[in-house]
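Engineer: The structure is given below, and queries will be raised subsequently.
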Amino acid sequence: MKRDRALHCLKKCVNAQDIVVAVYQTLFDWMAINPRDLNYLSTGAMGHASSHGLGLALANPDRRVLIFDGDGSLLMNLGSLATIADACPENLFHFVFVNGVYEVNGSHPIPARDKVDFCRIALGCGYRYSQRFETLECLEESIAGLLARAGPILVEIKVEPGKMFPRNYDYIHSAKARQIFRTALNSSPPT
Amino acid sequence: MTPSGFTVKDAPNVRNPVGQTIIESLKNAGIRFVVALPDIVTSEGLLWPISRDKQLRLIRICREEEGVSICAAMSYNDTRAILLMQQTGLMASLNALRAVGMEYRLPVAMMVGLQGKEVHLSPEKSNSYGVRIIRPVLDAMGIPHTLIEQPDDVSQIVPAIDDVYSRSLPHALLVGRALNAA
């Protein structure tokens, strides 16, 4: 499915109080599709979205934390799946956008492309549930029910580029972006 | 024979910090989460007691750099955490510290066991290359550090952690001797 269509689908299910941690092209597309102050933009080192998401989920147990990870990114921090499963935050929802390549670094294939099964790895580490989606229709049918479950859950979404949005690296790494998130986190009460 | 060439009977008689006093200092500094990967220097005196402590939540990690991001993310609503690890783990975490600690200026409090350091030598005089380079590496990155070696050094923990959160920067508390459990 086209990535932008998948993100539009997810947008319908993201509440105002949810934290969304996204990375790379998925982040840039999400920033354009659903700009909001509780988007967490600054994950610093590649592969660390899941670890930032875990920290946010543990420190903010009354909010849902949605991680929009990449397949190449998660491969750099696979151990975080065991860490998350061990900590077992019910409010953590881990989406992995699988495109098979390091897209922003020249679209080189990831190791074991088309073989790595993140759903099975997550379950093997102790996530409560995982599911893979290859069509937008199936994702649209299931997404609300998935987000009603107790986490941690992992959702694998097979994507190809759709409408692409500009890569504003300066902004996602800026102090302003972090301050906007911090202010929103501490001024909007969780539901 | 120790790595530095001393026999056990020749080992200097030194006083070690007490783990329980360090744990109390962490609580006094407002630490709620301990994010850890086991380190033999702090295992008996800190990590095992912390694992049984009801006032601290222990998060076990698979690789130390995870802890840098976990602690930094927690700080956005002023939740205080400390990353407990060995100096080898600190070396494995340098890129994450470079990014979120120094470039983003986010607070990351660290307690680092100096595995292989001789009890009577400063880190720079250690026979262990991995120990010798720690403070120069931290200095090169601009990361403040404090050596916790004598029992009296424990009094530096609370001000150091307060400094981490007031200045929003990393700080490494370097534990140079095995800790007494109580």
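Just so we're on the same page: first chain in the structure tokens is A, next is B, and so on; residues restart at 1 for each chain, and ligands are numbered from 1 in the order they show up.
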Could you give me, as a PyMOL selection string, each residue of stretch 26-106 of chain A that DSSP assigns to strand (DSSP E or B) when run on this structure's backbone?

Structural biologist: chain A and resi 39-40+65-70+92-98+101-102

Engineer: Output N, CA and C atoms for every residue in that selection, as a PDB file, in the first residue's frame.

Structural biologist:
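Below is the file selection_12.pdb, written as the result:
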ATOM      1  N   ASN A  39       3.696  15.292  18.164  1.00  0.00           N
ATOM      2  CA  ASN A  39       4.587  14.466  17.335  1.00  0.00           C
ATOM      3  C   ASN A  39       5.999  14.625  17.882  1.00  0.00           C
ATOM      4  N   TYR A  40       6.647  13.507  18.186  1.00  0.00           N
ATOM      5  CA  TYR A  40       8.007  13.511  18.752  1.00  0.00           C
ATOM      6  C   TYR A  40       8.968  13.323  17.580  1.00  0.00           C
ATOM      7  N   VAL A  65       1.329   5.785  23.292  1.00  0.00           N
ATOM      8  CA  VAL A  65       2.512   6.143  22.511  1.00  0.00           C
ATOM      9  C   VAL A  65       2.534   5.257  21.265  1.00  0.00           C
ATOM     10  N   LEU A  66       2.472   5.905  20.107  1.00  0.00           N
ATOM     11  CA  LEU A  66       2.519   5.183  18.828  1.00  0.00           C
ATOM     12  C   LEU A  66       3.879   5.425  18.190  1.00  0.00           C
ATOM     13  N   ILE A  67       4.598   4.350  17.904  1.00  0.00           N
ATOM     14  CA  ILE A  67       5.902   4.451  17.270  1.00  0.00           C
ATOM     15  C   ILE A  67       5.734   4.078  15.797  1.00  0.00           C
ATOM     16  N   PHE A  68       6.163   4.967  14.910  1.00  0.00           N
ATOM     17  CA  PHE A  68       6.161   4.668  13.473  1.00  0.00           C
ATOM     18  C   PHE A  68       7.611   4.408  13.071  1.00  0.00           C
ATOM     19  N   ASP A  69       8.024   3.170  13.187  1.00  0.00           N
ATOM     20  CA  ASP A  69       9.414   2.776  12.970  1.00  0.00           C
ATOM     21  C   ASP A  69       9.617   2.381  11.510  1.00  0.00           C
ATOM     22  N   GLY A  70      10.879   2.226  11.119  1.00  0.00           N
ATOM     23  CA  GLY A  70      11.200   1.686   9.803  1.00  0.00           C
ATOM     24  C   GLY A  70      11.827   0.314   9.957  1.00  0.00           C
ATOM     25  N   LEU A  92       1.949   1.155  24.676  1.00  0.00           N
ATOM     26  CA  LEU A  92       2.920   1.266  23.577  1.00  0.00           C
ATOM     27  C   LEU A  92       2.441   0.461  22.369  1.00  0.00           C
ATOM     28  N   PHE A  93       2.368   1.146  21.221  1.00  0.00           N
ATOM     29  CA  PHE A  93       1.911   0.551  19.969  1.00  0.00           C
ATOM     30  C   PHE A  93       2.987   0.784  18.913  1.00  0.00           C
ATOM     31  N   HIS A  94       3.591  -0.289  18.466  1.00  0.00           N
ATOM     32  CA  HIS A  94       4.798  -0.225  17.646  1.00  0.00           C
ATOM     33  C   HIS A  94       4.449  -0.591  16.194  1.00  0.00           C
ATOM     34  N   PHE A  95       4.424   0.406  15.336  1.00  0.00           N
ATOM     35  CA  PHE A  95       4.167   0.186  13.913  1.00  0.00           C
ATOM     36  C   PHE A  95       5.508   0.152  13.174  1.00  0.00           C
ATOM     37  N   VAL A  96       5.674  -0.812  12.304  1.00  0.00           N
ATOM     38  CA  VAL A  96       6.898  -0.905  11.516  1.00  0.00           C
ATOM     39  C   VAL A  96       6.524  -0.781  10.045  1.00  0.00           C
ATOM     40  N   PHE A  97       6.995   0.280   9.418  1.00  0.00           N
ATOM     41  CA  PHE A  97       6.746   0.504   7.992  1.00  0.00           C
ATOM     42  C   PHE A  97       7.827  -0.226   7.206  1.00  0.00           C
ATOM     43  N   VAL A  98       7.413  -1.271   6.523  1.00  0.00           N
ATOM     44  CA  VAL A  98       8.363  -2.155   5.855  1.00  0.00           C
ATOM     45  C   VAL A  98       8.412  -1.806   4.368  1.00  0.00           C
ATOM     46  N   VAL A 101      14.084  -1.195   2.207  1.00  0.00           N
ATOM     47  CA  VAL A 101      15.280  -0.430   1.834  1.00  0.00           C
ATOM     48  C   VAL A 101      15.590   0.646   2.880  1.00  0.00           C
ATOM     49  N   TYR A 102      16.848   1.089   2.843  1.00  0.00           N
ATOM     50  CA  TYR A 102      17.231   2.295   3.591  1.00  0.00           C
ATOM     51  C   TYR A 102      16.917   3.480   2.688  1.00  0.00           C
TER      52      TYR A 102
END

Engineer: Would you list which chain A residues are within 8 Å of chain B using only C-alpha atoms, as a CSV table (one decimal) with N, CA and C atoms, in the first residue's frame?

Structural biologist:
chain,number,residue,atom,x,y,z
A,43,THR,N,14.7,11.9,17.4
A,43,THR,CA,15.2,10.6,18.0
A,43,THR,C,16.7,10.5,17.9
A,44,GLY,N,17.4,11.5,17.3
A,44,GLY,CA,18.8,11.5,17.3
A,44,GLY,C,19.5,10.4,16.5
A,45,ALA,N,19.9,9.3,17.2
A,45,ALA,CA,20.6,8.3,16.5
A,45,ALA,C,19.7,7.3,15.8
A,48,HIS,N,16.7,4.4,17.1
A,48,HIS,CA,16.3,4.6,18.5
A,48,HIS,C,14.9,5.0,18.7
A,51,SER,N,13.3,2.9,21.5
A,51,SER,CA,13.8,3.2,22.8
A,51,SER,C,13.2,4.6,23.3
A,52,HIS,N,13.2,5.6,22.5
A,52,HIS,CA,12.5,6.8,22.9
A,52,HIS,C,11.0,6.5,23.2
A,53,GLY,N,10.4,5.7,22.4
A,53,GLY,CA,9.0,5.4,22.6
A,53,GLY,C,8.8,4.7,23.9
A,54,LEU,N,9.7,3.8,24.3
A,54,LEU,CA,9.6,3.1,25.6
A,54,LEU,C,9.7,4.1,26.7
A,55,GLY,N,10.7,5.0,26.6
A,55,GLY,CA,10.9,6.0,27.7
A,55,GLY,C,9.6,6.9,27.8
A,56,LEU,N,9.1,7.3,26.7
A,56,LEU,CA,7.9,8.1,26.8
A,56,LEU,C,6.7,7.3,27.3
A,58,LEU,N,6.7,4.8,29.4
A,58,LEU,CA,6.9,4.5,30.9
A,58,LEU,C,6.7,5.8,31.7
A,59,ALA,N,7.1,6.9,31.2
A,59,ALA,CA,7.0,8.2,31.9
A,59,ALA,C,5.6,8.8,31.7
A,77,ASN,N,18.2,-1.9,16.1
A,77,ASN,CA,18.0,-1.9,17.6
A,77,ASN,C,17.0,-3.0,17.9
A,79,GLY,N,17.2,-5.5,19.8
A,79,GLY,CA,17.2,-5.9,21.2
A,79,GLY,C,16.1,-5.1,21.9
A,80,SER,N,15.8,-3.9,21.4
A,80,SER,CA,14.8,-3.1,22.1
A,80,SER,C,13.4,-3.8,22.1
A,82,ALA,N,13.0,-6.9,22.9
A,82,ALA,CA,13.0,-7.7,24.2
A,82,ALA,C,12.9,-6.7,25.4
A,83,THR,N,13.6,-5.6,25.3
A,83,THR,CA,13.5,-4.6,26.4
A,83,THR,C,12.0,-4.1,26.6
A,86,ASP,N,9.8,-6.8,28.0
A,86,ASP,CA,10.1,-7.1,29.5
A,86,ASP,C,9.5,-6.0,30.3
A,87,ALA,N,9.5,-4.7,29.8
A,87,ALA,CA,8.9,-3.6,30.6
A,87,ALA,C,7.4,-3.6,30.4
A,173,HIS,N,15.6,18.2,14.0
A,173,HIS,CA,16.7,18.2,14.9
A,173,HIS,C,16.8,19.5,15.7
A,174,SER,N,15.8,20.4,15.6
A,174,SER,CA,16.0,21.7,16.2
A,174,SER,C,15.5,21.8,17.6
A,175,ALA,N,16.1,22.7,18.4
A,175,ALA,CA,15.6,22.9,19.7
A,175,ALA,C,14.2,23.4,19.8
A,182,ARG,N,7.7,19.4,24.3
A,182,ARG,CA,7.8,19.5,25.7
A,182,ARG,C,6.6,20.3,26.3
A,185,LEU,N,3.4,18.5,25.9
A,185,LEU,CA,3.3,17.3,26.8
A,185,LEU,C,2.9,17.8,28.2
A,186,ASN,N,3.4,18.9,28.6
A,186,ASN,CA,3.2,19.3,30.0
A,186,ASN,C,2.1,20.3,30.2

Engineer: Mind checking DSSP for stretch 69-110 of chain B and telling me the helix (DSSP H, G or I) residues as a PyMOL selection string?

Structural biologist: chain B and resi 69-77+87-92+94-103

Engineer: I'd like the contact shell of stretch 171-178 of chain B - 7 Å cut-off, only C-alpha atoms, skipping same-chain residues fewer than 5 positions apart - returned as JSON, numbers by chain.

Structural biologist: {"B": [16, 41, 42, 108, 109, 110, 111, 112, 113, 114, 117, 119, 143, 144, 145, 146, 147, 148, 149, 164]}

Engineer: Go ahead and dump the residues you just picked, N, CA and C atoms, as a tab-separated table (two decimals), in the first residue's frame.

Structural biologist:
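To be explicit, this is the file written out as out39.tsv:
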chain	number	residue	atom	x	y	z
B	16	ASN	N	35.76	1.10	50.48
B	16	ASN	CA	34.86	1.12	49.34
B	16	ASN	C	33.57	1.86	49.69
B	41	VAL	N	31.24	-4.50	38.49
B	41	VAL	CA	31.69	-3.60	39.57
B	41	VAL	C	30.52	-3.20	40.48
B	42	THR	N	29.35	-3.00	39.87
B	42	THR	CA	28.20	-2.51	40.64
B	42	THR	C	27.13	-3.58	40.85
B	108	VAL	N	20.95	13.09	30.64
B	108	VAL	CA	21.18	11.65	30.75
B	108	VAL	C	22.15	11.43	31.91
B	109	ALA	N	21.61	10.97	33.04
B	109	ALA	CA	22.46	10.65	34.19
B	109	ALA	C	22.96	9.21	34.05
B	110	MET	N	24.27	9.05	34.23
B	110	MET	CA	24.86	7.72	34.04
B	110	MET	C	25.70	7.35	35.25
B	111	MET	N	25.65	6.07	35.63
B	111	MET	CA	26.57	5.55	36.63
B	111	MET	C	27.31	4.40	35.96
B	112	VAL	N	28.64	4.52	35.94
B	112	VAL	CA	29.44	3.65	35.09
B	112	VAL	C	30.49	2.93	35.92
B	113	GLY	N	30.43	1.63	35.99
B	113	GLY	CA	31.44	0.85	36.68
B	113	GLY	C	32.70	0.74	35.83
B	114	LEU	N	33.84	1.04	36.45
B	114	LEU	CA	35.12	0.96	35.72
B	114	LEU	C	35.71	-0.43	35.95
B	117	LYS	N	39.65	-1.49	36.71
B	117	LYS	CA	40.48	-0.44	37.32
B	117	LYS	C	41.05	-0.95	38.64
B	119	VAL	N	42.20	-0.67	42.39
B	119	VAL	CA	41.53	0.12	43.42
B	119	VAL	C	42.36	1.30	43.91
B	143	ILE	N	31.45	15.94	28.06
B	143	ILE	CA	30.51	15.34	29.02
B	143	ILE	C	31.13	15.39	30.41
B	144	PRO	N	30.47	16.07	31.36
B	144	PRO	CA	31.00	16.13	32.72
B	144	PRO	C	31.04	14.75	33.37
B	145	HIS	N	31.97	14.58	34.31
B	145	HIS	CA	32.08	13.28	34.99
B	145	HIS	C	32.57	13.49	36.41
B	146	THR	N	32.25	12.53	37.27
B	146	THR	CA	32.66	12.56	38.68
B	146	THR	C	33.10	11.16	39.07
B	147	LEU	N	34.24	11.07	39.73
B	147	LEU	CA	34.74	9.77	40.16
B	147	LEU	C	34.19	9.45	41.55
B	148	ILE	N	33.51	8.33	41.66
B	148	ILE	CA	32.99	7.85	42.95
B	148	ILE	C	33.92	6.72	43.40
B	149	GLU	N	34.80	7.03	44.31
B	149	GLU	CA	35.85	6.08	44.67
B	149	GLU	C	35.88	5.87	46.18
B	164	VAL	N	22.50	17.55	36.20
B	164	VAL	CA	22.08	16.95	34.93
B	164	VAL	C	20.76	17.55	34.46

Engineer: To one decimal in Å, tell me the separation between atom CA of B:Val34 and atom CA of B:Gln87.

Structural biologist: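 If I compute the distance from atom CA of B:Val34 to atom CA of B:Gln87, I get 16.6 Å.
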
Engineer: May I ask which of the residues B:Ile23, B:Val154, B:Ile50, B:Val18 is the closest one to B:Pro38, counting only C-alpha atoms?

Structural biologist: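 That would be B:Ile50, the residue with the smallest distance to B:Pro38.
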
Engineer: Env of stretch 4-12 of chain A: 7 Å cut, atoms = only C-alpha atoms, seq-sep filter 5 positions within chain, self excluded. Answer as a ChimeraX atom specification.

Structural biologist: /A:29-30,33-34,136,140,162-163

Engineer: Nearest to B:Ser93: which of B:Ile161, B:Leu138, B:Leu56, B:Ile40 is it, counting only C-alpha atoms?

Structural biologist: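 Looking at the shortest contact to B:Ser93, the residue is B:Leu138.
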
Engineer: Which residues are close to B:Lys125, i.e. within 12 Å by only C-alpha atoms, leaving aside same-chain residues fewer than 5 positions away? Reply as a PyMOL selection string.

Structural biologist: chain B and resi 4+116-120+130-135

Engineer: Using only C-alpha atoms, which of A:Phe28, A:Gly151, A:Gly145, A:Pro109 sits nearest A:Pro89?

Structural biologist: A:Gly151
